[in-house]
Every structure is written in structure tokens, then in C-alpha cells.
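Enquirer: Contents of run_29.txt (compact mmCIF, C-alpha atoms) are below:
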# COMPACT_ATOMS: atom_id res chain seq x y z
CA MET S 301 67.68 101.06 -48.70
CA SER S 302 71.28 100.95 -49.88
CA GLN S 303 72.34 98.98 -46.79
CA TRP S 304 69.59 96.42 -47.43
CA LEU S 305 70.54 96.04 -51.09
CA ASN S 306 74.19 95.72 -50.09
CA THR S 307 73.43 92.80 -47.75
CA PRO S 308 74.43 90.00 -50.19
CA VAL S 309 77.63 91.84 -51.10
CA LEU S 310 78.74 92.25 -47.48
CA ARG S 311 77.27 88.96 -46.30
CA PRO S 312 77.85 86.37 -49.04
CA ASN S 313 75.89 83.66 -47.20
CA ALA S 314 72.74 85.78 -47.47
CA ALA S 315 70.49 86.35 -50.47
CA LEU S 316 67.54 88.72 -50.66
CA ASP S 317 64.11 87.82 -51.92
CA GLU S 318 61.00 90.03 -51.78
CA PHE S 319 61.17 93.07 -49.46
CA ILE S 320 59.53 96.40 -48.76
CA VAL S 321 60.64 99.38 -46.69
CA MET S 322 57.73 100.78 -44.70
CA PRO S 323 57.72 104.06 -42.75
CA ASN S 324 58.38 102.25 -39.47
CA ARG S 325 59.69 98.79 -40.41
CA VAL S 326 61.19 96.61 -43.09
CA HIS S 327 59.57 93.41 -44.33
CA GLY S 328 61.87 91.09 -46.18
CA ILE S 329 62.78 87.54 -47.00
CA VAL S 330 66.43 86.69 -46.36
CA VAL S 331 67.74 83.36 -47.57
CA ILE S 332 70.71 81.90 -45.70
CA LEU S 333 72.74 80.02 -48.29
CA LYS S 334 74.49 76.82 -47.39
CA ARG S 335 78.00 77.16 -48.74
CA GLY S 336 81.10 75.34 -47.67
CA ARG S 337 81.34 72.39 -45.33
CA GLY S 338 78.56 73.15 -42.88
CA VAL S 339 79.12 73.96 -39.23
CA LEU S 340 82.77 74.45 -38.41
CA GLN S 341 83.90 72.93 -35.14
CA TYR S 342 87.55 73.78 -35.70
CA ALA S 343 89.50 76.75 -37.01
CA PRO S 344 88.48 77.54 -40.59
CA THR S 345 90.95 76.66 -43.33
CA GLY S 346 89.86 79.43 -45.67
CA PRO S 347 87.81 82.61 -45.90
CA ARG S 348 84.55 82.39 -44.00
CA SER S 349 81.60 84.72 -43.96
CA PRO S 350 80.42 85.88 -40.53
CA SER S 351 76.86 85.68 -41.89
CA GLN S 352 76.09 82.13 -40.85
CA THR S 353 72.74 82.95 -39.24
CA ILE S 354 69.79 85.26 -39.78
CA GLY S 355 70.72 86.92 -36.48
CA ALA S 356 74.18 87.77 -37.76
CA VAL S 357 72.77 89.18 -41.00
CA LEU S 358 70.23 91.36 -39.20
CA ARG S 359 72.72 92.54 -36.56
CA GLY S 360 75.04 93.68 -39.35
CA PHE S 361 72.22 95.40 -41.21
CA LYS S 362 70.87 97.14 -38.10
CA SER S 363 74.34 98.23 -37.02
CA ALA S 364 75.21 99.72 -40.41
CA THR S 365 71.89 101.51 -40.81
CA THR S 366 71.93 102.84 -37.24
CA LYS S 367 75.36 104.34 -37.82
CA GLN S 368 74.29 105.87 -41.12
CA ILE S 369 71.02 107.28 -39.72
CA ASN S 370 72.68 108.70 -36.61
CA GLU S 371 75.37 110.37 -38.72
CA SER S 372 72.76 112.01 -40.95
CA ARG S 373 70.67 113.13 -37.93
CA ASN S 374 73.74 114.15 -35.92
CA THR S 375 72.52 111.95 -33.05
CA PRO S 376 75.50 109.77 -32.12
CA GLY S 377 74.48 106.73 -30.13
CA GLY S 378 70.78 107.25 -30.83
CA ARG S 379 68.46 104.25 -30.82
CA VAL S 380 66.94 103.43 -34.21
CA TRP S 381 65.71 99.83 -34.16
CA GLN S 382 63.68 97.78 -31.73
CA ARG S 383 65.75 95.22 -29.86
CA ASN S 384 64.57 92.09 -31.64
CA TYR S 385 62.98 91.04 -34.91
CA TYR S 386 60.35 88.62 -36.12
CA GLU S 387 61.56 85.58 -37.99
CA HIS S 388 59.74 82.72 -39.62
CA ILE S 389 61.14 79.70 -41.43
CA ILE S 390 59.47 79.35 -44.81
CA ARG S 391 58.91 75.65 -45.41
CA ASN S 392 57.38 75.35 -48.89
CA ASP S 393 56.63 77.22 -52.11
CA ASP S 394 53.00 77.94 -51.19
CA GLU S 395 54.11 79.64 -47.98
CA LEU S 396 56.86 81.52 -49.82
CA ASN S 397 54.37 82.86 -52.36
CA ARG S 398 51.87 83.83 -49.63
CA ILE S 399 54.56 85.76 -47.72
CA ARG S 400 55.82 87.42 -50.90
CA GLU S 401 52.26 88.58 -51.61
CA TYR S 402 51.88 89.89 -48.04
CA ILE S 403 55.10 91.91 -48.42
CA VAL S 404 54.09 93.38 -51.78
CA ASP S 405 50.58 94.24 -50.54
CA ASN S 406 51.72 95.72 -47.20
CA PRO S 407 52.03 99.37 -48.31
CA ALA S 408 48.34 99.39 -49.31
CA GLN S 409 47.50 98.58 -45.67
CA TRP S 410 49.46 101.53 -44.21
CA GLU S 411 46.45 103.87 -44.10
CA THR S 412 44.74 101.54 -41.61
CA ASP S 413 47.85 100.20 -39.84
CA ARG S 414 47.68 100.40 -36.03
CA GLU S 415 51.30 101.60 -35.99
CA ASN S 416 50.63 104.46 -38.39
CA PRO S 417 50.71 107.60 -36.18
CA ASN S 418 47.99 109.18 -38.36
CA VAL S 419 45.50 106.39 -37.66
CA VAL S 420 43.20 106.79 -34.68
CA VAL S 421 42.48 103.34 -33.30
CA LYS S 422 39.44 102.93 -31.12
CA ALA S 423 40.06 100.46 -28.35
CA ASP S 424 37.50 97.71 -28.07
CA PHE S 425 36.48 98.22 -24.47
CA LYS S 426 34.76 95.26 -22.90
CA PRO S 427 34.07 95.38 -19.18
CA ALA S 428 35.42 92.48 -17.17
CA PRO S 429 32.81 89.85 -16.35
CA GLN S 430 31.39 90.10 -12.85
CA LEU S 431 32.31 87.28 -10.52
CA ALA S 432 29.37 85.69 -8.72
With the file now loaded, output its structure as C-alpha cells.
Expert:
Amino acid sequence: MSQWLNTPVLRPNAALDEFIVMPNRVHGIVVILKRGRGVLQYAPTGPRSPSQTIGAVLRGFKSATTKQINESRNTPGGRVWQRNYYEHIIRNDDELNRIREYIVDNPAQWETDRENPNVVVKADFKPAPQLA
């Protein structure tokens, strides 16, 4: 949690909105702030944040948390995160509010979540149709 909350301090082009830490994932809204002169095609003339993209922000977050988790578990080099992440561009206030609500309500869904190891999910078995 501390690494997530520290994101805007370490990555000044990123701001945090709603988020929740679940037992097996993090849901959050990260805002990439447009500061400076836009895309640099030449050497920068002043300080520049490496956090120009959502990918850069999440790589930094995953790297820092992996190091911290592996140190506490004494498992150097251990894998913590899945390789990728899900991203979605939020285009309007209605969508932003809907996603915020989804994030806030997500913990209430954990008891029935397919990824909860304590939930037994019955597969919907449907036999393949017979070819004539």
C-alpha cells in the first residue's frame, strides 16, 4: 500500500484517483498529468519525469513492490505480478463515476469471485453439438 500511495511522489506526472487493494490484485485509477511541453523529440532542457506513460508508472510500481515483497519473504528474484495489466482510457465523467463505483464495491464481491481460492466454481459443462 505504501508503494501505491507513494506513486505521485516518485512519479510526478501521475496522480491517483480511486483504488482498492484486493487479496490478489489492485484496482486503481491513475491519471497521467500533462506537464511541460509535450512529447520531447530532443534532449530535455530541464528535469523530466520518467513517468510519461501508464506503462512506466506501473513498471515502477511493480518493480518497487516486487523488491519489497521478496525482501520480506526472503525470496530474491521471486515472481509477484502477472506480466501485463488491464488498462482502459476513461473518456467522460459518467464513465469515471461508474469505474469509481466498481472499485469501491469490488471487495463486497470477493466472496463470489472466481479468483478467490475459497470459492468453488462449478464449470458450466455443455456438450459440443453433434455434426450431422
Enquirer: May I have the residues within 9 Å of range 319-330 of chain S as a PDB file with C-alpha atoms, in the coordinates of the input, using all atoms listed in the file and disregarding those fewer than 6 positions away in the same chain?
Expert:
ATOM      1  CA  MET S 301      67.680 101.060 -48.700  1.00  0.00           C
ATOM      2  CA  ILE S 354      69.790  85.260 -39.780  1.00  0.00           C
ATOM      3  CA  VAL S 357      72.770  89.180 -41.000  1.00  0.00           C
ATOM      4  CA  TRP S 381      65.710  99.830 -34.160  1.00  0.00           C
ATOM      5  CA  LEU S 396      56.860  81.520 -49.820  1.00  0.00           C
ATOM      6  CA  ILE S 399      54.560  85.760 -47.720  1.00  0.00           C
ATOM      7  CA  ARG S 400      55.820  87.420 -50.900  1.00  0.00           C
ATOM      8  CA  ILE S 403      55.100  91.910 -48.420  1.00  0.00           C
ATOM      9  CA  VAL S 404      54.090  93.380 -51.780  1.00  0.00           C
ATOM     10  CA  ASN S 406      51.720  95.720 -47.200  1.00  0.00           C
ATOM     11  CA  PRO S 407      52.030  99.370 -48.310  1.00  0.00           C
ATOM     12  CA  TRP S 410      49.460 101.530 -44.210  1.00  0.00           C
ATOM     13  CA  GLU S 415      51.300 101.600 -35.990  1.00  0.00           C
ATOM     14  CA  ASN S 416      50.630 104.460 -38.390  1.00  0.00           C
TER      15      ASN S 416
END
Enquirer: Report, in Å with one decimal, the straight-line distance from CA of Lys334 in chain S to CA of Asn313 in chain S.
Expert: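 CA of Lys334 in chain S sits 7.0 Å away from CA of Asn313 in chain S.
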Enquirer: Determine, counting all atoms listed in the file, which protein, DNA and RNA residues have an atom within 7 Å of an atom of Ala315 in chain S; residues of the same chain fewer than 3 positions away are not included. Present the result as a list in words.
Expert: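 Counting only the stated atoms, we get Pro308, Val330, Val331 and Ile332 of chain S.
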Enquirer: For CA of Arg311 in chain S and CA of Thr375 in chain S, determine how far apart the two atoms are, in Å to one decimal place.
Expert: 27.0 Å
Enquirer: Report the distance between CA of Ser302 in chain S and CA of Ser372 in chain S in Å, rounded to one decimal place.
Expert: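 Atom-to-atom, CA of Ser302 in chain S to CA of Ser372 in chain S, that is 14.3 Å.
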Enquirer: Could you list, as a list in words, every residue within 12 Å of Ile369 in chain S, counting only C-alpha atoms and ignoring same-chain residues fewer than 3 positions away?
Expert: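 Everything that qualifies: Met301, Ser302, Gln303, Lys362, Ser363, Ala364, Thr365, Thr366, Ser372, Arg373, Asn374, Thr375, Pro376, Gly377, Gly378, Arg379, Val380 and Trp381 of chain S.
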Enquirer: Which one is closest to Arg359 in chain S: S:Asn418, S:Thr412, S:Thr307, S:Ile390? Count only C-alpha atoms.
Expert: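 Using only C-alpha atoms, Arg359 in chain S sits closest to S:Thr307.
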Enquirer: Would you kindly place N, CA and C atoms on range 389-407 of chain S and return the model as a PDB file, keeping the file's coordinate frame?
Expert:
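And here's result.pdb as it stands now:
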ATOM      1  N   ILE S 389      60.546  80.600 -40.447  1.00  0.00           N
ATOM      2  CA  ILE S 389      61.140  79.700 -41.430  1.00  0.00           C
ATOM      3  C   ILE S 389      60.083  79.368 -42.465  1.00  0.00           C
ATOM      4  N   ILE S 390      60.392  79.630 -43.705  1.00  0.00           N
ATOM      5  CA  ILE S 390      59.470  79.350 -44.810  1.00  0.00           C
ATOM      6  C   ILE S 390      59.742  77.920 -45.268  1.00  0.00           C
ATOM      7  N   ARG S 391      58.719  77.082 -45.211  1.00  0.00           N
ATOM      8  CA  ARG S 391      58.910  75.650 -45.410  1.00  0.00           C
ATOM      9  C   ARG S 391      58.509  75.103 -46.774  1.00  0.00           C
ATOM     10  N   ASN S 392      57.768  75.874 -47.570  1.00  0.00           N
ATOM     11  CA  ASN S 392      57.380  75.350 -48.890  1.00  0.00           C
ATOM     12  C   ASN S 392      57.061  76.512 -49.831  1.00  0.00           C
ATOM     13  N   ASP S 393      56.869  76.190 -51.100  1.00  0.00           N
ATOM     14  CA  ASP S 393      56.630  77.220 -52.110  1.00  0.00           C
ATOM     15  C   ASP S 393      55.318  77.962 -51.905  1.00  0.00           C
ATOM     16  N   ASP S 394      54.276  77.267 -51.447  1.00  0.00           N
ATOM     17  CA  ASP S 394      53.000  77.940 -51.190  1.00  0.00           C
ATOM     18  C   ASP S 394      53.168  79.022 -50.127  1.00  0.00           C
ATOM     19  N   GLU S 395      53.867  78.680 -49.056  1.00  0.00           N
ATOM     20  CA  GLU S 395      54.110  79.640 -47.980  1.00  0.00           C
ATOM     21  C   GLU S 395      54.975  80.793 -48.471  1.00  0.00           C
ATOM     22  N   LEU S 396      55.995  80.488 -49.260  1.00  0.00           N
ATOM     23  CA  LEU S 396      56.860  81.520 -49.820  1.00  0.00           C
ATOM     24  C   LEU S 396      56.049  82.496 -50.658  1.00  0.00           C
ATOM     25  N   ASN S 397      55.183  81.985 -51.509  1.00  0.00           N
ATOM     26  CA  ASN S 397      54.370  82.860 -52.360  1.00  0.00           C
ATOM     27  C   ASN S 397      53.388  83.684 -51.548  1.00  0.00           C
ATOM     28  N   ARG S 398      52.798  83.101 -50.499  1.00  0.00           N
ATOM     29  CA  ARG S 398      51.870  83.830 -49.630  1.00  0.00           C
ATOM     30  C   ARG S 398      52.586  84.986 -48.923  1.00  0.00           C
ATOM     31  N   ILE S 399      53.793  84.726 -48.433  1.00  0.00           N
ATOM     32  CA  ILE S 399      54.560  85.760 -47.720  1.00  0.00           C
ATOM     33  C   ILE S 399      55.040  86.828 -48.697  1.00  0.00           C
ATOM     34  N   ARG S 400      55.445  86.433 -49.882  1.00  0.00           N
ATOM     35  CA  ARG S 400      55.820  87.420 -50.900  1.00  0.00           C
ATOM     36  C   ARG S 400      54.643  88.356 -51.194  1.00  0.00           C
ATOM     37  N   GLU S 401      53.453  87.785 -51.338  1.00  0.00           N
ATOM     38  CA  GLU S 401      52.260  88.580 -51.610  1.00  0.00           C
ATOM     39  C   GLU S 401      51.962  89.533 -50.448  1.00  0.00           C
ATOM     40  N   TYR S 402      52.093  89.046 -49.216  1.00  0.00           N
ATOM     41  CA  TYR S 402      51.880  89.890 -48.040  1.00  0.00           C
ATOM     42  C   TYR S 402      52.846  91.087 -48.067  1.00  0.00           C
ATOM     43  N   ILE S 403      54.097  90.838 -48.387  1.00  0.00           N
ATOM     44  CA  ILE S 403      55.100  91.910 -48.420  1.00  0.00           C
ATOM     45  C   ILE S 403      54.748  92.939 -49.489  1.00  0.00           C
ATOM     46  N   VAL S 404      54.422  92.479 -50.681  1.00  0.00           N
ATOM     47  CA  VAL S 404      54.090  93.380 -51.780  1.00  0.00           C
ATOM     48  C   VAL S 404      52.838  94.198 -51.469  1.00  0.00           C
ATOM     49  N   ASP S 405      51.846  93.567 -50.831  1.00  0.00           N
ATOM     50  CA  ASP S 405      50.580  94.240 -50.540  1.00  0.00           C
ATOM     51  C   ASP S 405      50.628  95.123 -49.291  1.00  0.00           C
ATOM     52  N   ASN S 406      51.670  95.019 -48.484  1.00  0.00           N
ATOM     53  CA  ASN S 406      51.720  95.720 -47.200  1.00  0.00           C
ATOM     54  C   ASN S 406      51.568  97.229 -47.297  1.00  0.00           C
ATOM     55  N   PRO S 407      52.187  97.914 -48.255  1.00  0.00           N
ATOM     56  CA  PRO S 407      52.030  99.370 -48.310  1.00  0.00           C
ATOM     57  C   PRO S 407      50.575  99.815 -48.472  1.00  0.00           C
TER      58      PRO S 407
END
